[in-house]
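Enquirer: My structure file query13.tsv, TSV, C-alpha atoms, is below:
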```tsv
chain	number	residue	atom	x	y	z
N	1	MET	CA	94.72	65.03	89.03
N	2	GLU	CA	94.96	61.36	90.02
N	3	ASP	CA	98.54	61.89	91.20
N	4	LEU	CA	97.65	64.71	93.58
N	5	PRO	CA	98.14	63.77	97.25
N	6	VAL	CA	94.88	63.76	99.20
N	7	GLU	CA	96.29	66.51	101.46
N	8	VAL	CA	96.72	68.81	98.43
N	9	VAL	CA	93.14	68.08	97.35
N	10	GLY	CA	92.06	69.09	100.86
N	11	ASN	CA	93.86	72.42	100.45
N	12	ILE	CA	92.15	72.95	97.07
N	13	LEU	CA	88.72	72.31	98.58
N	14	SER	CA	89.52	74.62	101.50
N	15	ARG	CA	90.32	77.45	99.10
N	16	LEU	CA	86.84	77.13	97.61
N	17	GLY	CA	85.47	78.12	100.99
N	18	ALA	CA	81.73	78.13	100.22
N	19	ALA	CA	80.15	74.94	101.59
N	20	ARG	CA	78.01	74.33	98.50
N	21	ASP	CA	81.04	74.49	96.19
N	22	VAL	CA	83.06	72.23	98.49
N	23	VAL	CA	80.33	69.57	98.60
N	24	ILE	CA	79.87	69.61	94.81
N	25	ALA	CA	83.63	69.41	94.17
N	26	SER	CA	84.08	66.60	96.69
N	27	ALA	CA	81.68	64.43	94.68
N	28	THR	CA	84.28	64.21	91.87
N	29	CYS	CA	85.74	60.90	93.03
N	30	ARG	CA	86.60	58.81	96.06
N	31	LYS	CA	89.87	60.65	96.73
N	32	TRP	CA	88.11	64.04	96.78
N	33	ARG	CA	85.45	62.68	99.15
N	34	GLU	CA	88.23	61.46	101.43
N	35	ALA	CA	89.92	64.87	101.25
N	36	TYR	CA	86.61	66.49	102.22
N	37	ARG	CA	86.18	64.24	105.22
N	38	LYS	CA	89.76	64.17	106.53
N	39	HIS	CA	91.73	67.12	105.14
N	40	LEU	CA	89.27	70.01	104.73
N	41	HIS	CA	90.30	72.89	107.01
N	42	THR	CA	88.02	75.78	105.95
N	43	LEU	CA	84.25	75.85	105.47
N	44	SER	CA	81.85	78.75	104.95
N	45	PHE	CA	78.07	79.06	105.08
N	46	ASN	CA	76.92	82.45	103.82
N	47	SER	CA	73.29	83.27	103.03
N	48	THR	CA	74.44	85.49	100.14
N	49	ASP	CA	76.38	82.66	98.46
N	50	TRP	CA	73.34	80.57	97.57
N	51	THR	CA	69.72	81.72	97.30
N	52	VAL	CA	68.47	78.30	98.46
N	53	TYR	CA	69.72	79.15	101.97
N	54	ARG	CA	67.07	81.88	102.17
N	55	ASP	CA	64.33	79.63	100.75
N	56	LEU	CA	64.80	76.80	103.24
N	57	THR	CA	63.10	76.79	106.62
N	58	PRO	CA	65.46	77.23	109.58
N	59	SER	CA	65.00	73.59	110.65
N	60	ARG	CA	65.86	72.28	107.15
N	61	LEU	CA	68.85	74.58	106.97
N	62	GLU	CA	70.04	73.43	110.38
N	63	ILE	CA	69.95	69.80	109.17
N	64	LEU	CA	71.88	70.73	106.00
N	65	ILE	CA	74.60	72.57	107.90
N	66	THR	CA	74.83	69.85	110.55
N	67	ARG	CA	75.33	67.10	107.97
N	68	THR	CA	77.96	69.13	106.13
N	69	ILE	CA	79.99	69.96	109.23
N	70	PHE	CA	79.73	66.53	110.82
N	71	GLN	CA	81.26	64.86	107.76
N	72	THR	CA	84.50	66.80	108.32
N	73	THR	CA	87.29	66.28	110.82
N	74	GLY	CA	89.80	68.89	111.90
N	75	LEU	CA	88.15	72.11	110.67
N	76	GLN	CA	90.36	75.10	111.43
N	77	GLY	CA	88.23	77.84	109.88
N	78	LEU	CA	84.43	78.04	110.15
N	79	SER	CA	82.27	80.89	108.86
N	80	ILE	CA	78.51	81.00	109.47
N	81	LEU	CA	76.93	84.20	108.16
N	82	MET	CA	73.15	83.99	108.10
N	83	ASP	CA	71.94	87.59	107.84
N	84	ASP	CA	68.82	86.83	105.83
N	85	VAL	CA	67.78	83.69	107.70
N	86	ASP	CA	65.27	83.40	110.53
N	87	VAL	CA	66.25	82.44	114.04
N	88	PHE	CA	68.02	79.11	114.53
N	89	SER	CA	67.60	76.82	117.51
N	90	ALA	CA	70.41	77.19	120.03
N	91	SER	CA	70.88	73.41	120.31
N	92	ALA	CA	71.87	73.05	116.64
N	93	VAL	CA	74.37	75.91	116.77
N	94	ILE	CA	75.87	74.60	120.00
N	95	ALA	CA	76.31	71.19	118.34
N	96	TRP	CA	78.25	72.77	115.43
N	97	LEU	CA	80.56	74.67	117.76
N	98	MET	CA	81.09	71.78	120.17
N	99	TYR	CA	81.99	69.47	117.28
N	100	THR	CA	84.63	71.83	115.84
N	101	ARG	CA	85.95	73.81	118.81
N	102	GLU	CA	88.99	71.68	119.62
N	103	THR	CA	90.60	72.26	116.22
N	104	LEU	CA	89.05	75.62	115.34
N	105	ARG	CA	91.46	78.54	114.76
N	106	ARG	CA	89.15	81.02	113.00
N	107	LEU	CA	85.44	81.57	113.67
N	108	ILE	CA	83.14	84.04	111.90
N	109	TYR	CA	79.74	83.91	113.55
N	110	ASN	CA	76.59	85.86	112.63
N	111	VAL	CA	73.65	83.71	113.64
N	112	ARG	CA	70.49	84.65	115.50
N	113	THR	CA	69.40	81.96	117.96
N	114	THR	CA	66.75	81.35	120.59
N	115	PRO	CA	67.95	81.45	123.29
N	116	ASN	CA	71.24	83.32	122.80
N	117	VAL	CA	74.32	81.11	122.48
N	118	ASN	CA	77.23	81.90	124.80
N	119	ILE	CA	80.15	81.80	122.35
N	120	LEU	CA	82.66	82.65	125.07
N	121	GLU	CA	81.67	79.65	127.14
N	122	ILE	CA	81.75	77.19	124.23
N	123	CYS	CA	84.88	78.37	122.41
N	124	GLY	CA	86.87	79.62	125.38
N	125	ARG	CA	89.99	77.89	126.63
N	126	GLN	CA	90.61	76.44	123.17
N	127	LYS	CA	93.00	77.23	120.28
N	128	LEU	CA	90.91	79.97	118.66
N	129	GLU	CA	93.10	82.70	117.11
N	130	SER	CA	90.52	84.84	115.29
N	131	LEU	CA	86.92	85.55	116.31
N	132	LEU	CA	84.34	87.70	114.52
N	133	LEU	CA	80.97	88.06	116.23
N	134	ALA	CA	77.99	89.92	114.75
N	135	HIS	CA	74.44	90.61	115.97
N	136	ASN	CA	75.04	88.85	119.26
N	137	SER	CA	75.12	89.67	122.93
N	138	ILE	CA	77.90	89.09	125.44
N	139	THR	CA	77.24	88.98	129.17
N	140	GLY	CA	78.94	87.77	132.30
N	141	VAL	CA	82.59	87.75	131.25
N	142	GLU	CA	84.65	86.20	134.05
N	143	PRO	CA	87.27	88.55	135.51
N	144	ASN	CA	90.93	87.63	135.88
N	145	PHE	CA	90.62	84.58	133.68
N	146	GLN	CA	92.47	83.97	130.41
N	147	ARG	CA	89.50	82.58	128.53
N	148	PHE	CA	91.13	82.94	125.08
N	149	PRO	CA	94.84	82.17	125.53
N	150	CYS	CA	95.56	82.06	121.77
N	151	LEU	CA	93.21	84.77	120.41
N	152	LYS	CA	95.01	87.42	118.33
N	153	SER	CA	92.12	89.02	116.43
N	154	LEU	CA	88.71	90.00	117.81
N	155	SER	CA	85.91	91.73	115.88
N	156	LEU	CA	82.56	92.68	117.41
N	157	SER	CA	79.92	94.02	115.02
N	158	CYS	CA	76.47	95.12	116.28
N	159	VAL	CA	77.15	93.29	119.52
N	160	SER	CA	75.48	94.15	122.80
N	161	ILE	CA	78.00	94.26	125.63
N	162	SER	CA	78.52	96.28	128.79
N	163	ALA	CA	81.56	98.51	129.22
N	164	LEU	CA	82.77	96.30	132.06
N	165	ASP	CA	82.39	93.07	130.07
N	166	LEU	CA	84.21	94.63	127.11
N	167	SER	CA	87.11	95.57	129.36
N	168	LEU	CA	87.17	92.11	130.97
N	169	LEU	CA	86.97	90.41	127.58
N	170	LEU	CA	90.04	92.25	126.35
N	171	THR	CA	91.86	91.29	129.54
N	172	ALA	CA	90.88	87.66	128.92
N	173	CYS	CA	92.87	87.73	125.64
N	174	PRO	CA	96.56	87.90	126.68
N	175	LYS	CA	97.80	87.70	123.06
N	176	ILE	CA	95.28	90.03	121.38
N	177	GLU	CA	96.79	92.13	118.57
N	178	THR	CA	93.79	93.36	116.55
N	179	LEU	CA	90.46	94.69	117.84
N	180	GLU	CA	87.47	95.90	115.80
N	181	LEU	CA	84.36	97.48	117.35
N	182	VAL	CA	81.63	98.25	114.80
N	183	ASP	CA	78.32	99.76	115.95
N	184	PRO	CA	78.49	98.16	119.39
N	185	GLU	CA	75.62	98.58	121.81
N	186	ILE	CA	77.39	99.58	125.01
N	187	ALA	CA	75.17	98.87	128.00
N	188	MET	CA	75.82	101.21	130.92
N	189	SER	CA	74.36	101.38	134.40
N	190	ASP	CA	75.84	104.83	134.96
N	191	ALA	CA	74.57	108.07	133.43
N	192	GLN	CA	78.03	108.79	132.00
N	193	VAL	CA	79.07	106.35	129.28
N	194	THR	CA	82.76	105.55	129.80
N	195	VAL	CA	84.83	102.76	128.27
N	196	GLU	CA	88.31	101.95	129.57
N	197	LEU	CA	90.31	99.29	127.72
N	198	THR	CA	93.76	97.99	128.64
N	199	SER	CA	95.98	95.64	126.67
N	200	PRO	CA	99.80	95.40	126.60
N	201	THR	CA	99.77	93.40	123.33
N	202	LEU	CA	97.17	95.27	121.22
N	203	LYS	CA	98.67	96.60	117.98
N	204	SER	CA	95.65	97.73	115.96
N	205	ILE	CA	92.20	99.04	116.90
N	206	TYR	CA	89.33	100.08	114.62
N	207	VAL	CA	86.28	101.75	116.18
N	208	GLU	CA	83.19	102.66	114.14
N	209	GLY	CA	79.75	104.00	115.01
N	210	ILE	CA	80.26	104.44	118.72
N	211	SER	CA	78.88	107.22	120.93
N	212	LEU	CA	80.51	107.71	124.33
N	213	ASP	CA	81.29	110.36	126.88
N	214	LYS	CA	84.76	109.02	127.49
N	215	PHE	CA	86.96	106.44	125.78
N	216	ILE	CA	90.32	105.64	127.36
N	217	LEU	CA	92.65	103.16	125.68
N	218	GLU	CA	95.81	102.01	127.43
N	219	ALA	CA	97.91	100.05	124.95
N	220	ASP	CA	101.70	99.95	125.18
N	221	SER	CA	102.18	98.26	121.80
N	222	ILE	CA	99.56	100.10	119.70
N	223	GLU	CA	100.65	100.83	116.12
N	224	CYS	CA	97.38	101.57	114.28
N	225	LEU	CA	94.42	103.64	115.56
N	226	HIS	CA	91.36	104.24	113.34
N	227	LEU	CA	88.21	106.05	114.48
N	228	LYS	CA	85.23	106.35	112.12
N	229	ASP	CA	81.71	107.82	112.48
N	230	CYS	CA	82.11	108.29	116.24
N	231	ALA	CA	80.76	110.86	118.67
N	232	LEU	CA	83.03	111.24	121.69
N	233	GLU	CA	83.54	113.91	124.29
N	234	ILE	CA	86.94	112.61	125.34
N	235	PHE	CA	89.31	110.17	123.63
N	236	GLU	CA	92.59	109.43	125.32
N	237	LEU	CA	95.35	107.06	124.24
N	238	ILE	CA	97.88	106.03	126.88
N	239	GLY	CA	100.88	104.27	125.39
N	240	LYS	CA	104.64	104.23	124.96
N	241	GLY	CA	104.97	106.03	121.64
N	242	THR	CA	104.57	103.01	119.35
N	243	LEU	CA	101.73	104.54	117.27
N	244	LYS	CA	102.54	104.54	113.54
N	245	HIS	CA	99.17	104.96	111.76
N	246	PHE	CA	96.56	107.42	113.04
N	247	LYS	CA	93.30	107.81	111.11
N	248	ILE	CA	90.11	109.76	111.89
N	249	ASP	CA	87.09	109.82	109.57
N	250	ASP	CA	83.92	111.78	110.36
N	251	VAL	CA	84.47	111.92	114.11
N	252	SER	CA	83.13	114.43	116.60
N	253	VAL	CA	85.39	114.75	119.65
N	254	LEU	CA	85.84	117.62	122.10
N	255	HIS	CA	89.14	116.47	123.58
N	256	LEU	CA	91.59	114.30	121.64
N	257	ASP	CA	94.83	113.05	123.14
N	258	ILE	CA	97.07	110.45	121.49
N	259	GLY	CA	99.93	110.87	123.96
N	260	GLU	CA	103.03	113.00	124.15
N	261	ILE	CA	105.38	110.52	122.47
N	262	VAL	CA	104.53	110.51	118.74
N	263	GLU	CA	108.01	110.20	117.21
N	264	ASN	CA	107.11	106.94	115.44
N	265	LEU	CA	104.05	108.24	113.58
N	266	GLU	CA	104.37	107.48	109.86
N	267	ILE	CA	100.81	108.04	108.61
N	268	VAL	CA	98.27	110.66	109.71
N	269	ASP	CA	94.93	110.57	107.86
N	270	ILE	CA	92.24	113.04	108.98
N	271	SER	CA	88.99	113.55	107.04
N	272	ASN	CA	85.56	115.13	107.64
N	273	PHE	CA	86.79	116.62	110.87
N	274	THR	CA	86.57	120.01	112.56
N	275	ILE	CA	90.13	120.88	113.45
N	276	ILE	CA	91.85	123.46	115.62
N	277	TRP	CA	95.05	123.56	113.58
N	278	PRO	CA	97.45	124.97	116.24
N	279	LYS	CA	96.40	122.29	118.77
N	280	PHE	CA	96.44	119.51	116.20
N	281	TYR	CA	99.82	120.61	114.85
N	282	GLN	CA	101.20	120.70	118.39
N	283	MET	CA	99.98	117.13	118.89
N	284	ILE	CA	101.83	115.73	115.84
N	285	SER	CA	104.65	118.26	115.39
N	286	ARG	CA	107.30	115.93	116.85
N	287	SER	CA	106.51	113.21	114.30
N	288	SER	CA	109.72	113.62	112.31
N	289	LYS	CA	109.26	110.18	110.68
N	290	LEU	CA	105.91	111.13	109.14
N	291	GLN	CA	105.68	109.88	105.54
N	292	ARG	CA	101.99	110.38	104.65
N	293	LEU	CA	99.81	113.30	105.75
N	294	ARG	CA	96.18	113.55	104.65
N	295	LEU	CA	93.96	116.44	105.76
N	296	TRP	CA	90.77	116.00	103.73
N	297	ASP	CA	87.48	117.92	103.81
N	298	MET	CA	88.71	119.81	106.83
N	299	VAL	CA	86.69	122.45	108.66
N	300	PHE	CA	88.74	124.88	110.71
N	301	ASP	CA	87.47	125.99	114.09
N	302	GLU	CA	88.56	129.59	113.36
N	303	GLU	CA	87.87	131.28	110.03
N	304	ASP	CA	91.41	132.64	109.68
N	305	GLU	CA	93.10	129.25	110.24
N	306	ILE	CA	94.82	127.38	107.45
N	307	VAL	CA	97.47	124.68	107.09
N	308	ASP	CA	100.76	126.42	106.28
N	309	LEU	CA	103.27	124.61	104.09
N	310	GLU	CA	106.27	126.04	105.91
N	311	THR	CA	105.27	124.23	109.09
N	312	ILE	CA	104.73	120.97	107.22
N	313	ALA	CA	108.03	121.22	105.35
N	314	VAL	CA	110.09	121.98	108.46
N	315	CYS	CA	108.49	119.47	110.85
N	316	PHE	CA	108.04	116.52	108.50
N	317	PRO	CA	111.24	116.22	106.41
N	318	GLN	CA	110.51	112.60	105.39
N	319	LEU	CA	107.03	113.36	104.04
N	320	SER	CA	106.52	111.66	100.65
N	321	HIS	CA	102.71	111.75	100.18
N	322	LEU	CA	100.69	114.90	100.94
N	323	SER	CA	96.90	115.19	100.56
N	324	LEU	CA	95.05	118.45	101.26
N	325	SER	CA	91.42	119.46	100.79
N	326	TYR	CA	89.64	122.34	102.50
N	327	ASP	CA	87.80	125.56	101.66
N	328	LEU	CA	90.11	128.28	100.35
N	329	ARG	CA	89.55	131.89	101.38
N	330	ASP	CA	91.16	135.03	100.02
N	331	GLY	CA	93.92	136.38	102.26
N	332	VAL	CA	94.25	133.15	104.19
N	333	LEU	CA	95.60	131.39	101.07
N	334	HIS	CA	98.58	133.74	100.90
N	335	TYR	CA	99.45	132.98	104.52
N	336	GLY	CA	99.31	129.25	103.88
N	337	LEU	CA	101.86	129.51	101.04
N	338	GLN	CA	104.31	131.73	102.92
N	339	GLY	CA	107.85	130.54	103.53
N	340	SER	CA	110.67	129.16	101.42
N	341	SER	CA	111.22	125.60	102.67
N	342	HIS	CA	110.65	122.88	100.10
N	343	LEU	CA	108.91	119.53	100.49
N	344	VAL	CA	111.85	117.78	98.89
N	345	ASN	CA	110.68	114.21	99.46
N	346	VAL	CA	107.07	114.65	98.40
N	347	THR	CA	106.54	112.62	95.23
N	348	VAL	CA	102.73	112.32	95.35
N	349	LEU	CA	100.46	115.33	95.90
N	350	GLU	CA	96.67	115.06	96.17
N	351	ILE	CA	94.52	118.17	96.38
N	352	GLY	CA	90.78	118.61	96.28
N	353	TRP	CA	87.82	120.92	96.59
N	354	ILE	CA	84.23	120.74	97.75
N	355	VAL	CA	83.22	124.06	96.20
N	356	ILE	CA	85.63	125.31	93.56
N	357	ASN	CA	86.65	128.96	93.26
N	358	ASP	CA	89.28	130.94	91.37
N	359	LEU	CA	91.76	130.60	94.23
N	360	PHE	CA	92.21	126.89	93.59
N	361	SER	CA	94.50	127.24	90.57
N	362	HIS	CA	96.73	129.68	92.49
N	363	TRP	CA	96.89	127.17	95.32
N	364	VAL	CA	97.93	124.39	92.93
N	365	GLU	CA	100.66	126.59	91.49
N	366	GLY	CA	101.99	127.46	94.93
N	367	LEU	CA	102.05	123.81	96.00
N	368	LEU	CA	103.87	122.69	92.85
N	369	GLU	CA	106.60	125.28	93.42
N	370	ARG	CA	107.24	123.83	96.88
N	371	CYS	CA	107.51	120.20	95.68
N	372	PRO	CA	110.58	120.10	93.40
N	373	ASN	CA	110.70	116.28	93.15
N	374	LEU	CA	107.00	115.68	92.55
N	375	LYS	CA	106.14	112.75	90.29
N	376	LYS	CA	102.34	112.57	90.50
N	377	LEU	CA	99.58	115.15	91.00
N	378	VAL	CA	96.01	114.01	91.69
N	379	ILE	CA	93.22	116.61	91.63
N	380	HIS	CA	89.91	115.65	93.24
N	381	GLY	CA	86.76	117.69	92.74
N	382	ILE	CA	83.04	117.66	93.36
N	383	ILE	CA	80.94	118.91	90.46
N	384	SER	CA	77.26	119.54	91.17
N	385	GLU	CA	74.66	118.24	88.72
N	386	ALA	CA	72.88	121.58	88.57
N	387	LYS	CA	75.80	123.81	87.57
N	388	SER	CA	75.24	127.55	87.28
N	389	HIS	CA	76.84	129.62	84.53
N	390	ASP	CA	79.34	131.05	87.02
N	391	GLU	CA	80.37	127.56	88.18
N	392	CYS	CA	80.93	126.48	84.57
N	393	GLN	CA	83.06	129.55	83.94
N	394	ILE	CA	85.18	128.92	87.05
N	395	LEU	CA	85.71	125.29	86.03
N	396	ALA	CA	86.66	126.37	82.51
N	397	ARG	CA	89.18	128.92	83.81
N	398	PHE	CA	90.63	126.32	86.18
N	399	THR	CA	91.03	123.80	83.35
N	400	SER	CA	92.80	126.34	81.15
N	401	SER	CA	95.14	127.43	83.95
N	402	ILE	CA	96.07	123.83	84.81
N	403	VAL	CA	96.82	123.02	81.15
N	404	GLN	CA	99.09	126.06	80.96
N	405	LEU	CA	100.69	125.43	84.34
N	406	MET	CA	101.53	121.79	83.67
N	407	ARG	CA	103.55	122.74	80.60
N	408	LYS	CA	106.19	123.77	83.12
N	409	TYR	CA	105.99	120.37	84.84
N	410	LEU	CA	106.05	117.87	82.00
N	411	HIS	CA	107.71	115.26	84.23
N	412	VAL	CA	104.69	115.21	86.57
N	413	GLU	CA	101.87	112.75	85.93
N	414	VAL	CA	98.49	114.49	86.30
N	415	GLN	CA	95.29	112.66	87.23
N	416	PHE	CA	91.78	114.11	87.67
N	417	GLU	CA	89.11	112.41	89.80
N	418	TYR	CA	85.72	114.14	89.76
N	419	GLN	CA	82.49	113.12	91.42
```
What is this file in structure tokens?

Expert:
Amino acid sequence: MEDLPVEVVGNILSRLGAARDVVIASATCRKWREAYRKHLHTLSFNSTDWTVYRDLTPSRLEILITRTIFQTTGLQGLSILMDDVDVFSASAVIAWLMYTRETLRRLIYNVRTTPNVNILEICGRQKLESLLLAHNSITGVEPNFQRFPCLKSLSLSCVSISALDLSLLLTACPKIETLELVDPEIAMSDAQVTVELTSPTLKSIYVEGISLDKFILEADSIECLHLKDCALEIFELIGKGTLKHFKIDDVSVLHLDIGEIVENLEIVDISNFTIIWPKFYQMISRSSKLQRLRLWDMVFDEEDEIVDLETIAVCFPQLSHLSLSYDLRDGVLHYGLQGSSHLVNVTVLEIGWIVINDLFSHWVEGLLERCPNLKKLVIHGIISEAKSHDECQILARFTSSIVQLMRKYLHVEVQFEYQ
């Protein structure tokens, strides 16, 4: 250890992350103290890391954090997550940010202060590349001004911001590639809640827990779009066909439009969603490069609708991973299995039920026949705690039929996941 360069020791301390661990380790010897002061580049204060954080008064904790930060030079990553701590004074927090802002590349900030600290004003026009803000408010974003010239990743969690300021903030980040919006509080002066975001560089967006009348995203370079737990009347993506990964989880939307050019889509993952299959199929039917398709816990808008394998096999020749789970109904099942085209590239098949019935084993058999090169079959199921005699009998018959069926497919690995 004595032969280690002080710069390497600084990297070791930075990997520890948690401030308490860094301070303890730096007390090892003079070289480690020097590494802490001159070569530490990452420091984290998290109220869940050490129970003492929650026992100290805010003023004592402010002094502790101030001393720890002010002994360093050249911090590039700073994380301050104080969920369980009372309100800090704004002056202390401003001092931490002013001391580190010239070298800071990554900032994770979840601190309640009185009054509110304007992070944009303090950390703007610097070298910040990644910013995560939580439980904060953003107001008065300056228009037509590149406040964050180096920022590539922005995450806002439980942040209060107006639709206009959100749009201006994205414009103020000319190199933004990743955007996360989690449970934002969108302040609107109008009766209709509309958000319009534009970014030519944005590649990935994750939106969770948002309720809007209209959400319009114009992003020419977008590759990944993920919506979760959202209630929207209209969602519209305007782009140039760069979307590769499209995921929706528990979203209510009346009108969904991801653009006419979808040739580059590789992954489509839809779960807990009411779907109008003909419209949805029309939206993704030209995605000939699709490799993974997941339609899970689907509810069809019409009772006689079902996903037909012939359509999937013909339109998505490169598909290698197929996941399907929805209620099976007699008569409709036969229609879904019609056709003769094979899913020749599908090597992984996942199927599931919410309420099992005797049709499920027939569905499994039909799917296996259409996947000649299958290597792995995963069966997901929900089993209620209070099972009736009929449910037990259905499950027993299904188990017996699967055991018998898989004797014909000894090369296929079978996995069961019940909950």

Enquirer: N:Thr73, N:Phe280, N:Val117, N:Pro372: which is nearest Tyr99 (chain N), counting only C-alpha atoms?

Expert: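 The answer is N:Thr73, which sits nearest to Tyr99 (chain N).
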
Enquirer: Counting all atoms listed in the file, which residues sit no farther than 12 Å from the position (81.2, 73.1, 119.2) in the file's frame? I'd like them as a short mmCIF file (atom, residue, chain, number, x, y, z; two decimals) with C-alpha atoms, keeping the file's coordinate frame.

Expert:
```
data_model
loop_
_atom_site.label_atom_id
_atom_site.label_comp_id
_atom_site.auth_asym_id
_atom_site.auth_seq_id
_atom_site.Cartn_x
_atom_site.Cartn_y
_atom_site.Cartn_z
CA THR N 66 74.83 69.85 110.55
CA ILE N 69 79.99 69.96 109.23
CA PHE N 70 79.73 66.53 110.82
CA LEU N 75 88.15 72.11 110.67
CA LEU N 78 84.43 78.04 110.15
CA ALA N 90 70.41 77.19 120.03
CA SER N 91 70.88 73.41 120.31
CA ALA N 92 71.87 73.05 116.64
CA VAL N 93 74.37 75.91 116.77
CA ILE N 94 75.87 74.60 120.00
CA ALA N 95 76.31 71.19 118.34
CA TRP N 96 78.25 72.77 115.43
CA LEU N 97 80.56 74.67 117.76
CA MET N 98 81.09 71.78 120.17
CA TYR N 99 81.99 69.47 117.28
CA THR N 100 84.63 71.83 115.84
CA ARG N 101 85.95 73.81 118.81
CA GLU N 102 88.99 71.68 119.62
CA THR N 103 90.60 72.26 116.22
CA LEU N 104 89.05 75.62 115.34
CA LEU N 107 85.44 81.57 113.67
CA VAL N 117 74.32 81.11 122.48
CA ASN N 118 77.23 81.90 124.80
CA ILE N 119 80.15 81.80 122.35
CA LEU N 120 82.66 82.65 125.07
CA GLU N 121 81.67 79.65 127.14
CA ILE N 122 81.75 77.19 124.23
CA CYS N 123 84.88 78.37 122.41
CA GLY N 124 86.87 79.62 125.38
CA GLN N 126 90.61 76.44 123.17
CA LEU N 128 90.91 79.97 118.66
#
```

Enquirer: Near Glu208 (chain N), within 12 Å and counting all atoms listed in the file, which residues show up once chain neighbours fewer than 5 positions away are dropped, as a CSV table (one decimal) with C-alpha atoms, keeping the file's coordinate frame?

Expert:
```csv
chain,number,residue,atom,x,y,z
N,155,SER,CA,85.9,91.7,115.9
N,156,LEU,CA,82.6,92.7,117.4
N,157,SER,CA,79.9,94.0,115.0
N,158,CYS,CA,76.5,95.1,116.3
N,179,LEU,CA,90.5,94.7,117.8
N,180,GLU,CA,87.5,95.9,115.8
N,181,LEU,CA,84.4,97.5,117.4
N,182,VAL,CA,81.6,98.2,114.8
N,183,ASP,CA,78.3,99.8,116.0
N,184,PRO,CA,78.5,98.2,119.4
N,185,GLU,CA,75.6,98.6,121.8
N,225,LEU,CA,94.4,103.6,115.6
N,226,HIS,CA,91.4,104.2,113.3
N,227,LEU,CA,88.2,106.0,114.5
N,228,LYS,CA,85.2,106.4,112.1
N,229,ASP,CA,81.7,107.8,112.5
N,230,CYS,CA,82.1,108.3,116.2
N,231,ALA,CA,80.8,110.9,118.7
N,232,LEU,CA,83.0,111.2,121.7
N,247,LYS,CA,93.3,107.8,111.1
N,248,ILE,CA,90.1,109.8,111.9
N,249,ASP,CA,87.1,109.8,109.6
N,250,ASP,CA,83.9,111.8,110.4
N,251,VAL,CA,84.5,111.9,114.1
```

Enquirer: From the set N:Arg370, N:Lys127, N:Lys203, N:Lys279, which residue has the shortest atom-to-atom contact distance to Leu243 (chain N), counting all atoms listed in the file?

Expert: N:Lys203

Enquirer: Kindly give the distance, in Å, that separates CA of Met188 (chain N) and CA of Thr139 (chain N), rounded to a single decimal.

Expert: 12.4 Å

Enquirer: For Ser361 (chain N), find every residue with an atom within 12 Å (counting only C-alpha atoms), except residues of its own chain fewer than 6 positions away, and show them as a list in words.

Expert: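 So, after excluding close chain neighbours, the residues are Leu328, Leu333, Ile351, Gly352, Trp353, Leu367, Leu368, Ile379, Ile394, Leu395, Ala396, Arg397, Phe398, Thr399, Ser400, Ser401, Ile402, Val403, Gln404, Leu405 and Met406 of chain N.
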
Enquirer: Please provide as a PyMOL selection string all residues within 8 Å of Cys224 (chain N), with the sequence filter that same-chain residues fewer than 6 positions apart are discarded (counting all atoms listed in the file).

Expert: chain N and resi 203-205+243-246

Enquirer: Between N:Phe273, N:Tyr281, N:Tyr409, N:Phe235, which one has atoms that come closest to Thr311 (chain N), using all atoms listed in the file?

Expert: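 Closest candidate: N:Tyr281.
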
Enquirer: Rounded to one decimal, what separation in Å do you get between CA of Met82 (chain N) and CA of Tyr109 (chain N)?

Expert: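 Calculated distance between CA of Met82 (chain N) and CA of Tyr109 (chain N) is 8.6 Å.
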
Enquirer: Give the answer as one residue: which of N:Lys214, N:Arg106, N:His321, N:Lys240 has the shortest atom-to-atom distance to Leu256 (chain N), using only C-alpha atoms?

Expert: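 For Leu256 (chain N), the nearest of the given residues is N:Lys214.
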
Enquirer: For Asp297 (chain N), which of N:Ile354, N:Leu217, N:Leu64, N:Ile186 is the closest residue, counting all atoms listed in the file?

Expert: N:Ile354

Enquirer: Find the distance between CA of Lys289 (chain N) and CA of Glu266 (chain N) and write it in Å to one decimal.

Expert: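 Atom-to-atom, CA of Lys289 (chain N) to CA of Glu266 (chain N), that is 5.6 Å.
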
Enquirer: Residues proximal to (107.1, 112.7, 101.9) were defined as those with any atom within 12 Å of that point in the file's coordinates, counting only C-alpha atoms. Which are they, as JSON, numbers by chain?

Expert: {"N": [266, 267, 268, 288, 289, 290, 291, 292, 293, 294, 312, 313, 314, 315, 316, 317, 318, 319, 320, 321, 322, 323, 342, 343, 344, 345, 346, 347, 348, 349, 371, 372, 373, 374, 375]}

Enquirer: Smallest atom-to-atom distance to Ile65 (chain N): which of N:Leu410, N:Val159, N:Ala19, N:Cys392, using all atoms listed in the file?

Expert: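 Of N:Leu410, N:Val159, N:Ala19, N:Cys392, the one nearest Ile65 (chain N), counting all atoms listed in the file, is N:Ala19.
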
Enquirer: The centre and edge lengths of an axis-aligned box containing all atoms of region 182-189 of chain N present in the file, extended by 4 Å on each side, are to be given in Å to one decimal, as lines of an AutoDock Vina configuration file.

Expert:
```
center_x = 78.0
center_y = 99.8
center_z = 124.6
size_x = 15.3
size_y = 11.2
size_z = 27.6
```
